[in-house]
$ cat coords-v1.tsv   # TSV, C-alpha atoms
chain	number	residue	atom	x	y	z
B	182	MET	CA	-53.77	12.98	36.44
B	183	VAL	CA	-52.33	14.15	33.13
B	184	SER	CA	-53.37	17.67	32.14
B	185	PRO	CA	-54.63	18.37	28.59
B	186	ASP	CA	-51.40	20.25	27.81
B	187	GLN	CA	-49.24	17.38	29.05
B	188	ASN	CA	-51.34	14.91	27.09
B	189	HIS	CA	-50.91	17.00	23.93
B	190	LEU	CA	-47.12	17.08	24.40
B	191	LEU	CA	-46.99	13.33	25.00
B	192	ASN	CA	-49.05	12.64	21.90
B	193	ALA	CA	-46.92	14.99	19.79
B	194	HIS	CA	-43.70	13.34	21.00
B	195	SER	CA	-45.11	9.85	20.35
B	196	GLY	CA	-46.04	10.96	16.86
B	197	ARG	CA	-42.51	12.22	16.20
B	198	LEU	CA	-41.02	8.93	17.41
B	199	ARG	CA	-43.33	6.93	15.15
B	200	GLU	CA	-42.40	9.10	12.17
B	201	LEU	CA	-38.70	8.61	12.89
B	202	ALA	CA	-39.09	4.86	13.30
B	203	ALA	CA	-40.66	4.60	9.87
B	204	LEU	CA	-37.64	6.38	8.35
B	205	ILE	CA	-34.83	4.54	10.17
B	206	HIS	CA	-32.70	2.50	7.80
B	207	PRO	CA	-33.29	-1.24	8.42
B	208	SER	CA	-29.55	-1.84	8.91
B	209	ARG	CA	-29.67	0.46	11.95
B	210	LEU	CA	-32.42	-1.57	13.57
B	211	ALA	CA	-30.96	-4.92	12.64
B	212	GLY	CA	-28.02	-4.43	15.00
B	213	HIS	CA	-30.38	-3.87	17.94
B	214	LEU	CA	-32.79	-6.70	17.16
B	215	ASP	CA	-32.42	-10.42	16.61
B	216	GLY	CA	-29.64	-10.90	14.06
B	217	LEU	CA	-31.60	-13.76	12.51
B	218	LEU	CA	-34.44	-11.46	11.42
B	219	SER	CA	-34.61	-10.89	7.67
B	220	GLU	CA	-34.67	-7.37	6.21
B	221	ALA	CA	-38.28	-7.99	5.15
B	222	THR	CA	-39.23	-8.79	8.74
B	223	VAL	CA	-37.46	-5.69	10.06
B	224	LEU	CA	-39.32	-3.57	7.51
B	225	GLN	CA	-42.59	-5.13	8.59
B	226	LEU	CA	-41.85	-4.30	12.23
B	227	GLN	CA	-41.07	-0.71	11.25
B	228	LYS	CA	-44.46	-0.36	9.61
B	229	THR	CA	-46.34	-1.63	12.67
B	230	PRO	CA	-47.76	1.49	14.42
B	231	ARG	CA	-47.85	-0.08	17.89
B	232	LEU	CA	-44.14	-0.95	17.69
B	233	GLN	CA	-42.79	2.20	16.08
B	234	GLN	CA	-42.38	4.22	19.27
B	235	ARG	CA	-40.61	1.34	21.00
B	236	LEU	CA	-38.23	0.89	18.06
B	237	ALA	CA	-37.33	4.58	18.00
B	238	GLU	CA	-36.75	4.61	21.76
B	239	LEU	CA	-34.49	1.57	21.37
B	240	LEU	CA	-32.11	3.62	19.22
B	241	LEU	CA	-32.55	7.01	20.88
B	242	LYS	CA	-30.68	6.33	24.09
B	243	SER	CA	-30.04	9.82	25.41
B	244	GLU	CA	-32.43	11.41	27.88
B	245	GLU	CA	-32.84	14.41	25.57
B	246	ALA	CA	-34.00	12.14	22.77
B	247	SER	CA	-36.20	9.91	24.87
B	248	ASN	CA	-38.15	12.67	26.60
B	249	GLY	CA	-38.45	14.91	23.55
B	250	THR	CA	-36.51	17.87	24.96
B	251	GLY	CA	-35.19	20.12	22.22
B	252	TRP	CA	-36.94	18.20	19.46
B	253	GLY	CA	-37.11	21.00	16.93
B	254	ARG	CA	-37.19	21.17	13.18
B	255	ASP	CA	-35.19	18.58	11.24
B	256	VAL	CA	-31.84	20.14	10.24
B	257	LEU	CA	-32.40	18.81	6.69
B	258	LEU	CA	-35.99	20.08	6.72
B	259	GLY	CA	-37.28	16.54	6.43
B	260	HIS	CA	-35.40	15.78	3.21
B	261	ASP	CA	-33.59	12.53	2.39
B	262	PRO	CA	-30.04	12.65	3.82
B	263	ARG	CA	-28.67	10.67	0.86
B	264	ARG	CA	-30.03	13.33	-1.47
B	265	ALA	CA	-28.33	16.03	0.61
B	266	ALA	CA	-25.08	14.03	0.51
B	267	LEU	CA	-25.21	13.67	-3.28
B	268	LEU	CA	-25.78	17.41	-3.66
B	269	ALA	CA	-22.81	18.20	-1.40
B	270	GLY	CA	-20.61	15.64	-3.12
B	271	SER	CA	-21.55	16.96	-6.53
B	272	ILE	CA	-20.18	20.38	-5.58
B	273	TRP	CA	-17.04	18.76	-4.17
B	274	HIS	CA	-16.35	17.12	-7.56
B	275	ALA	CA	-17.87	19.81	-9.78
B	276	ARG	CA	-14.73	20.22	-11.90
B	277	SER	CA	-14.79	16.54	-12.86
B	278	VAL	CA	-18.53	16.67	-13.52
B	279	LEU	CA	-18.05	19.60	-15.89
B	280	LYS	CA	-15.29	17.78	-17.78
B	281	LEU	CA	-17.51	14.81	-18.59
B	282	VAL	CA	-18.58	15.55	-22.17
B	283	SER	CA	-19.41	12.14	-23.62
B	284	LYS	CA	-23.18	11.63	-23.71
B	285	HIS	CA	-22.61	8.05	-22.62
B	286	ASP	CA	-20.52	9.08	-19.59
B	287	VAL	CA	-22.93	11.84	-18.60
B	288	ALA	CA	-25.84	9.41	-18.84
B	289	ILE	CA	-24.07	6.96	-16.51
B	290	LEU	CA	-23.30	9.71	-14.01
B	291	ILE	CA	-26.87	10.99	-14.01
B	292	GLU	CA	-28.21	7.47	-13.61
B	293	ASN	CA	-26.07	7.09	-10.48
B	294	ILE	CA	-26.38	10.50	-8.80
B	295	GLY	CA	-29.50	11.97	-10.41
B	296	ALA	CA	-30.11	14.89	-12.72
B	297	GLU	CA	-30.59	17.26	-9.78
B	298	ALA	CA	-27.11	16.65	-8.36
B	299	HIS	CA	-25.57	16.87	-11.84
B	300	ALA	CA	-27.14	20.28	-12.49
B	301	PHE	CA	-26.40	21.43	-8.93
B	302	SER	CA	-22.68	20.74	-9.33
B	303	ILE	CA	-22.42	22.79	-12.50
B	304	ARG	CA	-24.38	25.63	-10.94
B	305	HIS	CA	-21.95	25.71	-8.01
B	306	LEU	CA	-18.73	25.06	-9.90
B	307	SER	CA	-17.00	27.90	-8.05
B	308	GLY	CA	-17.42	25.95	-4.81
B	309	ALA	CA	-15.62	22.83	-6.05
B	310	VAL	CA	-13.10	21.28	-3.67
B	311	ALA	CA	-11.43	18.40	-5.52
B	312	THR	CA	-8.72	19.44	-7.96
B	313	THR	CA	-7.87	16.00	-9.34
B	314	SER	CA	-10.04	15.00	-12.29
B	315	ILE	CA	-11.91	11.70	-12.30
B	316	VAL	CA	-12.75	10.69	-15.85
B	317	ASP	CA	-14.51	7.38	-15.18
B	318	PRO	CA	-18.23	8.10	-14.52
B	319	HIS	CA	-18.67	5.08	-12.24
B	320	LYS	CA	-15.70	6.06	-10.08
B	321	LEU	CA	-16.82	9.69	-10.09
B	322	SER	CA	-20.30	8.67	-8.93
B	323	SER	CA	-18.80	6.64	-6.11
B	324	GLN	CA	-16.54	9.49	-4.99
B	325	ILE	CA	-19.39	12.00	-5.12
B	326	GLU	CA	-21.40	9.78	-2.81
B	327	HIS	CA	-18.44	9.11	-0.51
B	328	ASP	CA	-17.32	12.73	-0.12
B	329	GLY	CA	-20.90	13.96	0.09
B	330	HIS	CA	-21.71	11.62	2.95
B	331	ALA	CA	-18.44	12.54	4.66
B	332	CYS	CA	-19.29	16.25	4.42
B	333	LEU	CA	-22.75	15.56	5.81
B	334	GLY	CA	-21.24	13.67	8.74
B	335	ALA	CA	-18.71	16.43	9.40
B	336	TRP	CA	-21.45	19.06	9.29
B	337	LEU	CA	-23.52	17.10	11.79
B	338	LYS	CA	-20.64	17.12	14.29
B	339	ASP	CA	-21.67	20.65	15.22
B	340	ALA	CA	-25.34	19.69	15.63
B	341	SER	CA	-26.97	18.46	18.83
B	342	GLU	CA	-26.92	14.72	19.50
B	343	LEU	CA	-30.63	14.52	18.73
B	344	ASP	CA	-30.33	16.41	15.44
B	345	ARG	CA	-27.36	14.27	14.45
B	346	VAL	CA	-28.96	10.89	15.10
B	347	ARG	CA	-32.22	11.91	13.45
B	348	VAL	CA	-30.26	12.27	10.21
B	349	LEU	CA	-27.72	9.47	10.59
B	350	PHE	CA	-30.34	6.86	11.50
B	351	ARG	CA	-31.92	7.39	8.09
B	352	LEU	CA	-28.68	6.30	6.39
B	353	PRO	CA	-27.40	2.71	6.20
B	354	VAL	CA	-24.67	1.62	8.58
B	355	GLY	CA	-21.16	2.17	7.24
B	356	THR	CA	-21.40	5.29	5.07
B	357	ALA	CA	-18.62	7.87	5.03
B	358	ALA	CA	-20.85	10.08	7.21
B	359	GLU	CA	-19.53	8.07	10.15
B	360	SER	CA	-15.84	8.78	9.45
B	361	PRO	CA	-15.26	12.17	7.81
B	362	ALA	CA	-11.67	13.32	7.27
B	363	ALA	CA	-10.18	16.70	8.15
B	364	GLU	CA	-10.70	17.94	4.61
B	365	HIS	CA	-14.42	17.22	4.93
B	366	HIS	CA	-14.63	19.15	8.19
B	367	ASN	CA	-12.97	22.11	6.48
B	368	ALA	CA	-15.50	22.24	3.62
B	369	ALA	CA	-18.66	20.88	5.25
B	370	SER	CA	-20.18	24.11	6.52
B	371	ARG	CA	-19.79	25.90	3.19
B	372	LEU	CA	-21.14	23.04	1.07
B	373	LEU	CA	-24.03	22.11	3.33
B	374	SER	CA	-25.13	25.74	3.61
B	375	LEU	CA	-25.64	25.68	-0.17
B	376	VAL	CA	-27.45	22.37	0.04
B	377	VAL	CA	-29.78	23.44	2.85
B	378	ALA	CA	-30.56	26.73	1.07
B	379	HIS	CA	-31.50	24.69	-2.00
B	380	LEU	CA	-33.71	22.35	0.03
B	381	ALA	CA	-35.31	25.26	1.87
B	382	GLY	CA	-36.49	26.62	-1.47
B	383	GLU	CA	-38.84	23.65	-1.78
B	384	ALA	CA	-41.98	22.80	0.09
B	385	PRO	CA	-41.15	20.94	3.33
B	386	ALA	CA	-40.78	17.20	2.86
B	387	ALA	CA	-43.60	15.05	4.19
$ encode --input "coords-v1.tsv" --output "structure tokens"
Amino acid sequence: MVSPDQNHLLNAHSGRLRELAALIHPSRLAGHLDGLLSEATVLQLQKTPRLQQRLAELLLKSEEASNGTGWGRDVLLGHDPRRAALLAGSIWHARSVLKLVSKHDVAILIENIGAEAHAFSIRHLSGAVATTSIVDPHKLSSQIEHDGHACLGAWLKDASELDRVRVLFRLPVGTAAESPAAEHHNAASRLLSLVVAHLAGEAPAA
């Protein structure tokens, strides 16, 4: 017979798995399901409450993840990992961001990375890593996203397996978070501490 306390823990863990399943990027699930399923079908499966726990368990293979041990607060406080990556990448390339003066170029950059990341980079100019200027706003946007994801992946190397996968599963397969370079490992802790402090200043994400 399951005690009330055990039942509460089981229900809480099931709820966490369902929440995670709803956030997993479809490309992560596609590799574990029938390859012939369309993205629309995968999304539909993700939204089905009775399947969500099974889908999460399919990806969370470690015993720690499957039984809920150590399932604490999200290391990104529930915030979108791509947003965190763009914030980190914006600091990395802050010198180039500051040098964009054309209204047209700035508008393109903001369209690609968001006004928040643009302002964040200028505010943290002293933390910039890249020394080579990128003058093309499209290329700069791409590099901000690449280096930001790489820093996020490097930062997660020091996290528990559960904390790491809870973030990475919300990103599409193939981002730079999966293959950070040595330079990203060197800067990750410093940049992500600024990002997390910024996110912590907001109300927790839903």
$ closest_residue --input "coords-v1.tsv" --among "B:Pro207, B:Ala221, B:Ala269, B:Val287" --to "Ala378 in chain B" --atoms "all atoms listed in the file"
B:Ala269
$ residues_around --input "coords-v1.tsv" --residues "Pro353 in chain B" --least-positions-apart "6" --cutoff "9 Å" --atoms "all atoms listed in the file" --output "PyMOL selection string"
chain B and resi 205-209
$ residues_near_point --input "coords-v1.tsv" --point "(-15.4, 11.1, -14.6)" --cutoff "8 Å" --atoms "all atoms listed in the file" --output "mmCIF file with C-alpha atoms, keeping the file's coordinate frame"
data_model
loop_
_atom_site.group_PDB
_atom_site.id
_atom_site.type_symbol
_atom_site.label_atom_id
_atom_site.label_comp_id
_atom_site.auth_asym_id
_atom_site.auth_seq_id
_atom_site.Cartn_x
_atom_site.Cartn_y
_atom_site.Cartn_z
ATOM 1 C CA SER B 277 -14.790 16.540 -12.860
ATOM 2 C CA VAL B 278 -18.530 16.670 -13.520
ATOM 3 C CA LYS B 280 -15.290 17.780 -17.780
ATOM 4 C CA LEU B 281 -17.510 14.810 -18.590
ATOM 5 C CA ASP B 286 -20.520 9.080 -19.590
ATOM 6 C CA SER B 314 -10.040 15.000 -12.290
ATOM 7 C CA ILE B 315 -11.910 11.700 -12.300
ATOM 8 C CA VAL B 316 -12.750 10.690 -15.850
ATOM 9 C CA ASP B 317 -14.510 7.380 -15.180
ATOM 10 C CA PRO B 318 -18.230 8.100 -14.520
ATOM 11 C CA HIS B 319 -18.670 5.080 -12.240
ATOM 12 C CA LYS B 320 -15.700 6.060 -10.080
ATOM 13 C CA LEU B 321 -16.820 9.690 -10.090
ATOM 14 C CA SER B 322 -20.300 8.670 -8.930
#
$ atom_distance --input "coords-v1.tsv" --atom1 "CA of Arg263 in chain B" --atom2 "CA of Ala309 in chain B"
19.1 Å
$ residues_around --input "coords-v1.tsv" --residues "Asp255 in chain B" --least-positions-apart "5" --cutoff "10 Å" --atoms "only C-alpha atoms" --output "list in words"
His260, Leu343, Asp344, Arg345, Arg347 and Val348 of chain B
$ residues_around --input "coords-v1.tsv" --residues "Arg199 in chain B" --least-positions-apart "3" --cutoff "9 Å" --atoms "all atoms listed in the file" --output "list in words"
His194, Ser195, Gly196, Ala202, Ala203, Leu204, Gln227, Pro230, Arg231, Leu232, Gln233, Gln234, Arg235, Leu236 and Ala237 of chain B
$ axis_aligned_box --input "coords-v1.tsv" --around "range 206-223 of chain B" --padding-each-side "5 Å" --output "AutoDock Vina command-line options"
--center_x -33.6 --center_y -5.6 --center_z 11.5 --size_x 21.2 --size_y 26.3 --size_z 22.8
$ residues_around --input "coords-v1.tsv" --residues "Gly329 in chain B" --least-positions-apart "4" --cutoff "6 Å" --atoms "all atoms listed in the file" --output "PyMOL selection string"
chain B and resi 266-267+269-270+325
$ closest_residue --input "coords-v1.tsv" --among "B:Leu352, B:Ala311, B:Leu306, B:Leu373" --to "Trp336 in chain B" --atoms "only C-alpha atoms"
B:Leu373
$ residues_around --input "coords-v1.tsv" --residues "Ala362 in chain B" --least-positions-apart "2" --cutoff "10 Å" --atoms "all atoms listed in the file" --output "JSON, numbers by chain"
{"B": [328, 331, 332, 334, 335, 357, 358, 359, 360, 364, 365, 366, 367]}
$ residues_near_point --input "coords-v1.tsv" --point "(-22.0, 21.5, -6.8)" --cutoff "8 Å" --atoms "only C-alpha atoms" --output "PyMOL selection string"
chain B and resi 268-275+298-306+308-309
$ write_last_selection --input "coords-v1.tsv" --atoms "C-alpha atoms" --output "compact mmCIF listing (two decimals), in the frame of the given file"
# COMPACT_ATOMS: atom_id res chain seq x y z
CA LEU B 268 -25.78 17.41 -3.66
CA ALA B 269 -22.81 18.20 -1.40
CA GLY B 270 -20.61 15.64 -3.12
CA SER B 271 -21.55 16.96 -6.53
CA ILE B 272 -20.18 20.38 -5.58
CA TRP B 273 -17.04 18.76 -4.17
CA HIS B 274 -16.35 17.12 -7.56
CA ALA B 275 -17.87 19.81 -9.78
CA ALA B 298 -27.11 16.65 -8.36
CA HIS B 299 -25.57 16.87 -11.84
CA ALA B 300 -27.14 20.28 -12.49
CA PHE B 301 -26.40 21.43 -8.93
CA SER B 302 -22.68 20.74 -9.33
CA ILE B 303 -22.42 22.79 -12.50
CA ARG B 304 -24.38 25.63 -10.94
CA HIS B 305 -21.95 25.71 -8.01
CA LEU B 306 -18.73 25.06 -9.90
CA GLY B 308 -17.42 25.95 -4.81
CA ALA B 309 -15.62 22.83 -6.05
